[in-house]
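These notes concern the structure reproduced below.
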Amino acid sequence: MKHLLGFIAFILIAQGIGGIVHYFFDSFALWTTVHRIGFLNGYEMFACVVLLVLGTTAAMAASKASE
């Protein structure tokens with residue numbers, strides 16, 4: 001369970017950071033997914049921050065799973 005949560009945390013954090021970089025610098029277009037989801041138009045930054053927070057929460061849950 002710890003490894004699965006760690007992997008999910010990594011994916012969420014990577015998508016959040018990549019989306020923020022894509023929003024400001026228009027790069028990382030190949031592997032970020034937030035800008036491709038149609039109903040998030042205009043809310044990309046908010047969605048990326050939410051992904052970052054969820055990834056951090058999953059990483060903390062993964063660290064607690066080992067105790």
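Convention: chains lettered A, B, ... in structure tokens order; per-chain residue numbering from 1; ligands numbered from 1 as shown.
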
Considering only C-alpha atoms, return as number ranges by chain whatever protein or nucleic-acid residues lie within 10 Å of segment 30-40 of chain A, sequence-local ones (same chain, fewer than 6 positions apart) excluded.
-> A: 14-23, 46-48, 51

Quick one: write out the picked residues with N, CA, C and O atoms as a JSON list (two decimals), in the first residue's frame?
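Output contents, as saved in part24.json:
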[["chain", "number", "residue", "atom", "x", "y", "z"],
["A", 14, "ALA", "N", 3.78, 15.53, -9.95],
["A", 14, "ALA", "CA", 4.39, 15.81, -11.25],
["A", 14, "ALA", "C", 3.40, 16.50, -12.19],
["A", 14, "ALA", "O", 3.76, 17.44, -12.91],
["A", 15, "GLN", "N", 2.14, 16.06, -12.20],
["A", 15, "GLN", "CA", 1.13, 16.69, -13.04],
["A", 15, "GLN", "C", 0.83, 18.11, -12.57],
["A", 15, "GLN", "O", 0.62, 19.01, -13.38],
["A", 16, "GLY", "N", 0.80, 18.32, -11.26],
["A", 16, "GLY", "CA", 0.56, 19.66, -10.73],
["A", 16, "GLY", "C", 1.66, 20.63, -11.08],
["A", 16, "GLY", "O", 1.42, 21.74, -11.58],
["A", 17, "ILE", "N", 2.91, 20.22, -10.84],
["A", 17, "ILE", "CA", 4.04, 21.09, -11.14],
["A", 17, "ILE", "C", 4.17, 21.30, -12.65],
["A", 17, "ILE", "O", 4.40, 22.42, -13.12],
["A", 18, "GLY", "N", 4.00, 20.22, -13.42],
["A", 18, "GLY", "CA", 4.07, 20.35, -14.88],
["A", 18, "GLY", "C", 2.99, 21.25, -15.43],
["A", 18, "GLY", "O", 3.23, 22.02, -16.36],
["A", 19, "GLY", "N", 1.80, 21.18, -14.86],
["A", 19, "GLY", "CA", 0.71, 22.04, -15.31],
["A", 19, "GLY", "C", 0.97, 23.51, -15.00],
["A", 19, "GLY", "O", 0.66, 24.39, -15.80],
["A", 20, "ILE", "N", 1.55, 23.77, -13.83],
["A", 20, "ILE", "CA", 1.89, 25.15, -13.47],
["A", 20, "ILE", "C", 2.97, 25.69, -14.40],
["A", 20, "ILE", "O", 2.88, 26.83, -14.89],
["A", 21, "VAL", "N", 3.99, 24.87, -14.68],
["A", 21, "VAL", "CA", 5.06, 25.30, -15.60],
["A", 21, "VAL", "C", 4.48, 25.52, -17.00],
["A", 21, "VAL", "O", 4.82, 26.50, -17.67],
["A", 22, "HIS", "N", 3.58, 24.64, -17.42],
["A", 22, "HIS", "CA", 2.96, 24.81, -18.74],
["A", 22, "HIS", "C", 2.12, 26.07, -18.78],
["A", 22, "HIS", "O", 2.10, 26.77, -19.79],
["A", 23, "TYR", "N", 1.43, 26.38, -17.72],
["A", 23, "TYR", "CA", 0.57, 27.57, -17.68],
["A", 23, "TYR", "C", 1.40, 28.85, -17.83],
["A", 23, "TYR", "O", 1.02, 29.76, -18.54],
["A", 46, "PHE", "N", -6.01, 26.53, -10.96],
["A", 46, "PHE", "CA", -6.67, 25.99, -9.77],
["A", 46, "PHE", "C", -6.58, 24.47, -9.74],
["A", 46, "PHE", "O", -6.28, 23.88, -8.70],
["A", 47, "ALA", "N", -6.79, 23.83, -10.88],
["A", 47, "ALA", "CA", -6.72, 22.37, -10.95],
["A", 47, "ALA", "C", -5.31, 21.87, -10.66],
["A", 47, "ALA", "O", -5.14, 20.85, -9.99],
["A", 48, "CYS", "N", -4.30, 22.59, -11.13],
["A", 48, "CYS", "CA", -2.93, 22.18, -10.88],
["A", 48, "CYS", "C", -2.57, 22.32, -9.41],
["A", 48, "CYS", "O", -1.87, 21.47, -8.84],
["A", 51, "LEU", "N", -4.14, 19.42, -7.65],
["A", 51, "LEU", "CA", -3.34, 18.22, -7.86],
["A", 51, "LEU", "C", -2.11, 18.22, -6.96],
["A", 51, "LEU", "O", -1.74, 17.17, -6.40]]

Please identify all polymer residues within 7 Å of segment 62-66 of chain A, counting only C-alpha atoms, omitting same-chain residues fewer than 6 positions from it, and present them as an MDAnalysis selection string.
-> chainID A and resid 2 5:6

Counting only C-alpha atoms, which of A:Ile13, A:Ile8, A:His3, A:Phe24 gets nearest to Val49 of chain A?
->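 Selected residue with least distance to Val49 of chain A: A:Ile13.
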
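Across the model, the gap from atom CA of Asp26 of chain A to atom CA of Val53 of chain A is 22.0 Å.
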
Point-to-point distance from atom CA of Gly42 of chain A to atom CA of Ala58 of chain A, Å rounded to tenths | 26.0 Å

Check chain A with DSSP on the backbone and list each residue it calls helix (DSSP H, G or I), as a ChimeraX atom specification.
-> /A:2-25,34-36,38-40,44-65

Could you please determine the separation between atom CA of Met1 of chain A and atom CA of Ala59 of chain A in Å, to one decimal place?
->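 Interatomic distance, atom CA of Met1 of chain A to atom CA of Ala59 of chain A: 11.8 Å.
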